[in-house]
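Undergrad: Structure supplied as model_31.cif; contents: mmCIF, C-alpha atoms and all ligand atoms.
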```cif
data_run
loop_
_atom_site.label_atom_id
_atom_site.label_comp_id
_atom_site.auth_asym_id
_atom_site.auth_seq_id
_atom_site.Cartn_x
_atom_site.Cartn_y
_atom_site.Cartn_z
CA MET Y 1 -47.34 101.35 21.82
CA GLU Y 2 -49.60 104.13 23.06
CA CYS Y 3 -52.80 103.64 25.01
CA ASN Y 4 -55.83 103.21 22.73
CA PHE Y 5 -57.88 105.73 24.66
CA ALA Y 6 -58.38 108.85 22.53
CA GLY Y 7 -55.88 111.51 23.40
CA CYS Y 8 -53.99 109.44 26.00
CA LYS Y 9 -50.22 109.57 25.63
CA GLU Y 10 -49.44 106.90 28.23
CA LYS Y 11 -47.93 103.60 27.13
CA ALA Y 12 -50.29 100.65 26.80
CA LEU Y 13 -49.52 97.98 29.36
CA ALA Y 14 -48.44 94.43 28.55
CA LEU Y 15 -51.31 92.13 27.44
CA THR Y 16 -53.70 95.04 26.77
CA ASP Y 17 -54.13 98.05 24.49
CA PHE Y 18 -54.67 100.47 27.35
CA CYS Y 19 -52.77 102.16 30.14
CA TRP Y 20 -53.73 101.30 33.72
CA ASP Y 21 -56.05 104.29 34.09
CA HIS Y 22 -57.96 103.39 30.93
CA ILE Y 23 -58.40 99.66 31.45
CA SER Y 24 -62.14 99.40 31.98
CA ASP Y 25 -62.24 95.98 33.62
CA LYS Y 26 -59.28 96.11 35.99
CA ASP Y 27 -60.24 92.93 37.84
CA ARG Y 28 -60.23 90.93 34.62
CA TYR Y 29 -56.91 92.40 33.54
CA ARG Y 30 -55.46 91.69 36.97
CA GLU Y 31 -56.48 88.03 36.70
CA HIS Y 32 -55.08 87.78 33.18
CA LEU Y 33 -51.77 89.24 34.32
CA ILE Y 34 -51.52 87.04 37.39
CA GLN Y 35 -52.15 83.95 35.23
CA ALA Y 36 -49.43 85.05 32.82
CA LEU Y 37 -46.98 85.57 35.69
CA LYS Y 38 -47.86 82.21 37.21
CA GLN Y 39 -47.33 80.48 33.89
CA GLY Y 40 -43.85 81.94 33.78
CA LYS Y 41 -44.51 84.28 30.87
CA ASP Y 42 -41.47 86.41 30.22
CA LEU Y 43 -42.50 89.96 31.05
CA SER Y 44 -38.98 91.34 30.99
CA GLY Y 45 -39.07 94.99 30.02
CA ALA Y 46 -42.88 94.99 29.98
CA PRO Y 47 -44.70 98.28 30.52
CA LEU Y 48 -46.74 97.75 33.68
CA LYS Y 49 -46.83 101.24 35.12
CA LYS Y 50 -49.26 101.82 38.01
CA ILE Y 51 -50.58 98.24 38.10
CA SER Y 52 -52.26 97.29 41.31
CA LEU Y 53 -51.62 93.70 42.38
CA LYS Y 54 -52.19 93.64 46.09
CA ASN Y 55 -51.88 90.50 48.18
CA ILE Y 56 -50.78 88.27 45.34
CA HIS Y 57 -48.46 85.25 45.65
CA ILE Y 58 -46.09 84.96 42.73
CA GLU Y 59 -43.24 82.55 42.12
CA LYS Y 60 -40.58 82.77 39.42
CA ALA Y 61 -41.92 86.01 37.96
CA ARG Y 62 -39.84 87.30 35.07
CA LEU Y 63 -40.01 91.05 35.41
CA ALA Y 64 -36.44 92.15 34.73
CA ASN Y 65 -36.30 95.75 33.48
CA ALA Y 66 -40.10 95.99 33.61
CA ASP Y 67 -41.68 99.40 34.13
CA LEU Y 68 -43.37 98.94 37.48
CA SER Y 69 -43.24 102.58 38.48
CA GLN Y 70 -46.02 103.53 40.90
CA ALA Y 71 -47.15 99.90 40.98
CA ASP Y 72 -48.97 98.73 44.08
CA PHE Y 73 -47.86 95.34 45.43
CA THR Y 74 -48.99 95.93 49.00
CA GLY Y 75 -49.03 92.70 50.98
CA SER Y 76 -47.75 90.59 48.11
CA TYR Y 77 -45.23 87.76 48.19
CA PHE Y 78 -42.61 87.26 45.51
CA PHE Y 79 -40.53 84.10 45.52
CA ASP Y 80 -37.53 83.33 43.31
CA SER Y 81 -38.40 86.20 40.99
CA SER Y 82 -36.33 88.45 38.81
CA LEU Y 83 -36.97 92.16 39.12
CA GLU Y 84 -33.46 92.96 38.05
CA GLY Y 85 -33.17 96.51 36.73
CA ALA Y 86 -36.92 97.03 37.15
CA ASP Y 87 -38.30 100.54 37.43
CA LEU Y 88 -40.00 100.54 40.81
CA ILE Y 89 -39.97 104.30 41.29
CA GLY Y 90 -42.65 105.29 43.77
CA ALA Y 91 -43.91 101.70 44.05
CA GLN Y 92 -46.04 100.67 47.01
CA LEU Y 93 -44.24 97.73 48.56
CA THR Y 94 -45.53 97.91 52.10
CA HIS Y 95 -45.81 94.51 53.77
CA THR Y 96 -44.42 92.99 50.57
CA ASP Y 97 -42.13 89.98 50.89
CA PHE Y 98 -39.33 89.27 48.46
CA ALA Y 99 -37.75 85.87 49.07
CA HIS Y 100 -34.81 84.75 46.91
CA CYS Y 101 -35.48 87.58 44.48
CA SER Y 102 -33.12 89.65 42.42
CA LEU Y 103 -33.61 93.38 42.70
CA LYS Y 104 -30.15 94.02 41.29
CA GLY Y 105 -29.93 97.49 39.86
CA ALA Y 106 -33.65 98.07 40.42
CA ASP Y 107 -34.71 101.68 40.83
CA LEU Y 108 -36.59 101.92 44.11
CA THR Y 109 -36.49 105.71 44.31
CA LYS Y 110 -39.27 106.91 46.63
CA ALA Y 111 -40.62 103.36 46.89
CA ASP Y 112 -42.44 102.54 50.10
CA LEU Y 113 -40.78 99.46 51.57
CA SER Y 114 -42.08 99.95 55.08
CA ASN Y 115 -42.71 96.59 56.73
CA ALA Y 116 -41.33 94.85 53.64
CA ARG Y 117 -39.15 91.79 54.11
CA LEU Y 118 -36.35 90.90 51.75
CA TRP Y 119 -35.21 87.39 52.52
CA ASN Y 120 -32.02 86.50 50.67
CA SER Y 121 -32.78 89.04 48.02
CA ASP Y 122 -30.10 90.79 46.05
CA LEU Y 123 -30.14 94.58 46.18
CA THR Y 124 -26.75 95.09 44.59
CA CYS Y 125 -26.64 98.54 43.01
CA ALA Y 126 -30.36 99.08 43.61
CA ASN Y 127 -31.24 102.74 43.96
CA LEU Y 128 -32.93 103.36 47.30
CA THR Y 129 -32.94 107.15 47.16
CA GLU Y 130 -35.69 108.45 49.45
CA ALA Y 131 -37.12 104.94 49.75
CA ASN Y 132 -39.05 104.31 52.95
CA LEU Y 133 -37.32 101.46 54.77
CA SER Y 134 -38.97 101.86 58.14
CA TRP Y 135 -39.73 98.84 60.24
CA PRO Y 136 -41.70 99.76 63.33
CA ILE Y 137 -41.45 96.40 65.14
CA SER Y 138 -38.21 96.65 67.07
CA GLY Y 139 -35.69 93.85 66.78
CA THR Y 140 -36.91 92.55 63.45
CA PRO Y 141 -34.71 93.57 60.54
CA ALA Y 142 -36.22 94.35 57.18
CA PHE Y 143 -33.19 92.92 55.44
CA THR Y 144 -31.81 89.53 56.22
CA GLY Y 145 -28.84 89.65 53.90
CA GLN Y 146 -27.39 86.82 51.90
CA SER Y 147 -27.64 83.17 52.78
CA SER Y 148 -23.92 82.87 52.07
CA GLY Y 149 -23.30 85.02 55.12
CA MET Y 150 -22.07 87.89 52.99
CA PRO Y 151 -23.18 91.13 54.52
CA ILE Y 152 -24.91 93.94 52.74
CA CYS Y 153 -23.55 97.41 53.23
CA ILE Y 154 -24.85 100.79 52.27
CA ARG Y 155 -22.75 103.01 50.08
CA GLY Y 156 -24.53 106.28 49.70
CA ASN Y 157 -27.97 105.29 48.57
CA ARG Y 158 -26.91 102.10 46.95
CA TRP Y 159 -26.72 98.63 48.37
CA ALA Y 160 -23.87 96.39 47.51
CA ARG Y 161 -22.56 93.08 48.64
CA SER Y 162 -19.25 93.24 50.37
CA THR Y 163 -16.62 90.53 50.69
CA SER Y 164 -15.62 91.62 54.19
CA PRO Y 165 -17.85 92.43 57.13
CA GLN Y 166 -18.67 96.09 57.57
CA THR Y 167 -18.73 97.76 60.92
ZN ZN Y 201 -54.59 105.75 28.67
#
```
Go through the file and emit its structure as structure tokens.
TA:
Amino acid sequence: MECNFAGCKEKALALTDFCWDHISDKDRYREHLIQALKQGKDLSGAPLKKISLKNIHIEKARLANADLSQADFTGSYFFDSSLEGADLIGAQLTHTDFAHCSLKGADLTKADLSNARLWNSDLTCANLTEANLSWPISGTPAFTGQSSGMPICIRGNRWARSTSPQT
């Protein structure tokens, strides 16, 4: 569905008739969306391009295959959430924590993951092309791998679990 704003060709976001740029009361929409996520509403495949949800705390979010391109989740915390196959191209994920989340096959092209922490999160086949993975505090890894002890290795720009330790 297209945005209701005259002449706009962007897709309307989930739970509204407008695209992010044309939502007049963004605070109200933000609250509405956070409530929906907290209530476990299935937002798989939902169009949520450019949404700004900074410093939120979300558990069990169902955002598989959602369009979260250019979304801003700076400083947010996701626990036990599915973002499998989500479009996170160019997303702002600085200081964002993902604990026990699935980012399997997510597209994180050009996403900013600086200072992000991914505790026991699955990045199998996620696309990290040109993603910013910098972590300025020495000795603290951004990625803690799998709780099973299975290491994560990088193959090209993709992350995949490996059955044997990589050197
Ligand atoms: Zn619009």
Undergrad: Quick one: pull the distance between atom CA of Y:Leu48 and atom CA of Y:Lys11, Å, one decimal.
TA: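 According to the coordinates, atom CA of Y:Leu48 and atom CA of Y:Lys11 are separated by 8.9 Å.
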Undergrad: Stretch 87-98 of chain Y: which residues within 6 Å, counting all atoms listed in the file, same-chain residues fewer than 2 positions away excluded, as a list in words?
TA: Asp67, Leu68, Ser69, Gln70, Ala71, Asp72, Phe73, Thr74, Gly75, Ser76, Tyr77, Phe78, Cys101, Asp107, Leu108, Thr109, Lys110, Ala111, Asp112, Leu113, Ser114, Asn115, Ala116, Arg117 and Leu118 of chain Y
Undergrad: Would you mind exporting C-alpha atoms of the selected residues as a PDB file, in the coordinates of the input?
TA:
```
ATOM      1  CA  ASP Y  67     -41.680  99.400  34.130  1.00  0.00           C
ATOM      2  CA  LEU Y  68     -43.370  98.940  37.480  1.00  0.00           C
ATOM      3  CA  SER Y  69     -43.240 102.580  38.480  1.00  0.00           C
ATOM      4  CA  GLN Y  70     -46.020 103.530  40.900  1.00  0.00           C
ATOM      5  CA  ALA Y  71     -47.150  99.900  40.980  1.00  0.00           C
ATOM      6  CA  ASP Y  72     -48.970  98.730  44.080  1.00  0.00           C
ATOM      7  CA  PHE Y  73     -47.860  95.340  45.430  1.00  0.00           C
ATOM      8  CA  THR Y  74     -48.990  95.930  49.000  1.00  0.00           C
ATOM      9  CA  GLY Y  75     -49.030  92.700  50.980  1.00  0.00           C
ATOM     10  CA  SER Y  76     -47.750  90.590  48.110  1.00  0.00           C
ATOM     11  CA  TYR Y  77     -45.230  87.760  48.190  1.00  0.00           C
ATOM     12  CA  PHE Y  78     -42.610  87.260  45.510  1.00  0.00           C
ATOM     13  CA  CYS Y 101     -35.480  87.580  44.480  1.00  0.00           C
ATOM     14  CA  ASP Y 107     -34.710 101.680  40.830  1.00  0.00           C
ATOM     15  CA  LEU Y 108     -36.590 101.920  44.110  1.00  0.00           C
ATOM     16  CA  THR Y 109     -36.490 105.710  44.310  1.00  0.00           C
ATOM     17  CA  LYS Y 110     -39.270 106.910  46.630  1.00  0.00           C
ATOM     18  CA  ALA Y 111     -40.620 103.360  46.890  1.00  0.00           C
ATOM     19  CA  ASP Y 112     -42.440 102.540  50.100  1.00  0.00           C
ATOM     20  CA  LEU Y 113     -40.780  99.460  51.570  1.00  0.00           C
ATOM     21  CA  SER Y 114     -42.080  99.950  55.080  1.00  0.00           C
ATOM     22  CA  ASN Y 115     -42.710  96.590  56.730  1.00  0.00           C
ATOM     23  CA  ALA Y 116     -41.330  94.850  53.640  1.00  0.00           C
ATOM     24  CA  ARG Y 117     -39.150  91.790  54.110  1.00  0.00           C
ATOM     25  CA  LEU Y 118     -36.350  90.900  51.750  1.00  0.00           C
TER      26      LEU Y 118
END
```
Undergrad: Using atom CA of Y:Asn120 and atom CA of Y:Ile34 as the two end points, give the distance in Å to one decimal.
TA: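 Value for the atom CA of Y:Asn120-atom CA of Y:Ile34 distance: 23.6 Å.
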Undergrad: How far is it from atom CA of Y:Lys60 to atom CA of Y:Ala14, in Å with one decimal?
TA: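 We find that atom CA of Y:Lys60 and atom CA of Y:Ala14 lie 17.8 Å from each other.
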Undergrad: Can I get the residues of chain Y within 9 Å of ligand ZN 201 (chain Y), each with the closest pair of atoms and their distance in Å to one decimal, using all atoms listed in the file, sorted chain first then ascending number, as a Markdown table?
TA:
```
| residue | atom | partner | partner_atom | distance |
| --- | --- | --- | --- | --- |
| Y:Glu2 | CA | Y:ZN201 | ZN | 7.7 |
| Y:Cys3 | CA | Y:ZN201 | ZN | 4.6 |
| Y:Asn4 | CA | Y:ZN201 | ZN | 6.6 |
| Y:Phe5 | CA | Y:ZN201 | ZN | 5.2 |
| Y:Ala6 | CA | Y:ZN201 | ZN | 7.9 |
| Y:Gly7 | CA | Y:ZN201 | ZN | 7.9 |
| Y:Cys8 | CA | Y:ZN201 | ZN | 4.6 |
| Y:Lys9 | CA | Y:ZN201 | ZN | 6.6 |
| Y:Glu10 | CA | Y:ZN201 | ZN | 5.3 |
| Y:Lys11 | CA | Y:ZN201 | ZN | 7.2 |
| Y:Ala12 | CA | Y:ZN201 | ZN | 6.9 |
| Y:Asp17 | CA | Y:ZN201 | ZN | 8.8 |
| Y:Phe18 | CA | Y:ZN201 | ZN | 5.4 |
| Y:Cys19 | CA | Y:ZN201 | ZN | 4.3 |
| Y:Trp20 | CA | Y:ZN201 | ZN | 6.8 |
| Y:Asp21 | CA | Y:ZN201 | ZN | 5.8 |
| Y:His22 | CA | Y:ZN201 | ZN | 4.7 |
| Y:Ile23 | CA | Y:ZN201 | ZN | 7.7 |
```
Undergrad: Residues as selected, C-alpha atoms, written as a compact mmCIF listing (two decimals), in the coordinates of the input, can you do that?
TA:
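Below is the file that was written, selection_1.txt:
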```txt
# COMPACT_ATOMS: atom_id res chain seq x y z
CA GLU Y 2 -49.60 104.13 23.06
CA CYS Y 3 -52.80 103.64 25.01
CA ASN Y 4 -55.83 103.21 22.73
CA PHE Y 5 -57.88 105.73 24.66
CA ALA Y 6 -58.38 108.85 22.53
CA GLY Y 7 -55.88 111.51 23.40
CA CYS Y 8 -53.99 109.44 26.00
CA LYS Y 9 -50.22 109.57 25.63
CA GLU Y 10 -49.44 106.90 28.23
CA LYS Y 11 -47.93 103.60 27.13
CA ALA Y 12 -50.29 100.65 26.80
CA ASP Y 17 -54.13 98.05 24.49
CA PHE Y 18 -54.67 100.47 27.35
CA CYS Y 19 -52.77 102.16 30.14
CA TRP Y 20 -53.73 101.30 33.72
CA ASP Y 21 -56.05 104.29 34.09
CA HIS Y 22 -57.96 103.39 30.93
CA ILE Y 23 -58.40 99.66 31.45
```
Undergrad: When distances are computed from all atoms listed in the file, which of Y:Ser52, Y:Ser82, Y:Gln35, Y:Ser121 shows the smallest separation from Y:Asn65?
TA: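 When distances to Y:Asn65 are compared using all atoms listed in the file, the smallest one comes from Y:Ser82.
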Undergrad: When you count all atoms listed in the file, which of these residues is closest to Y:Arg62: Y:Ser24, Y:Ser134, Y:Thr129, Y:Ser102?
TA: Y:Ser102
Undergrad: Around (-51.2, 84.5, 36.9), as given in the file, which residues come within 12 Å? Count all atoms listed in the file and list them as a list in words.
TA: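 Collected hits near the coordinates: Arg28, Tyr29, Arg30, Glu31, His32, Leu33, Ile34, Gln35, Ala36, Leu37, Lys38, Gln39, Gly40, Lys41, Asp42, Leu43, Leu53, Ile56, His57, Ile58, Glu59, Lys60, Ala61 and Arg62 of chain Y.
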Undergrad: Need the shell around Y:Glu84: protein/DNA/RNA residues with any atom at most 8 Å away, counting all atoms listed in the file. Skip same-chain ones fewer than 3 positions apart. Format as a ChimeraX atom specification?
TA: /Y:63-65,102-106
Undergrad: Could you check the closest approach to Y:Ala126 for each of Y:Leu15, Y:Ile51, Y:Leu83, Y:Ala99 and tell me which residue wins, using only C-alpha atoms?
TA: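 The closest residue to Y:Ala126 is Y:Leu83.
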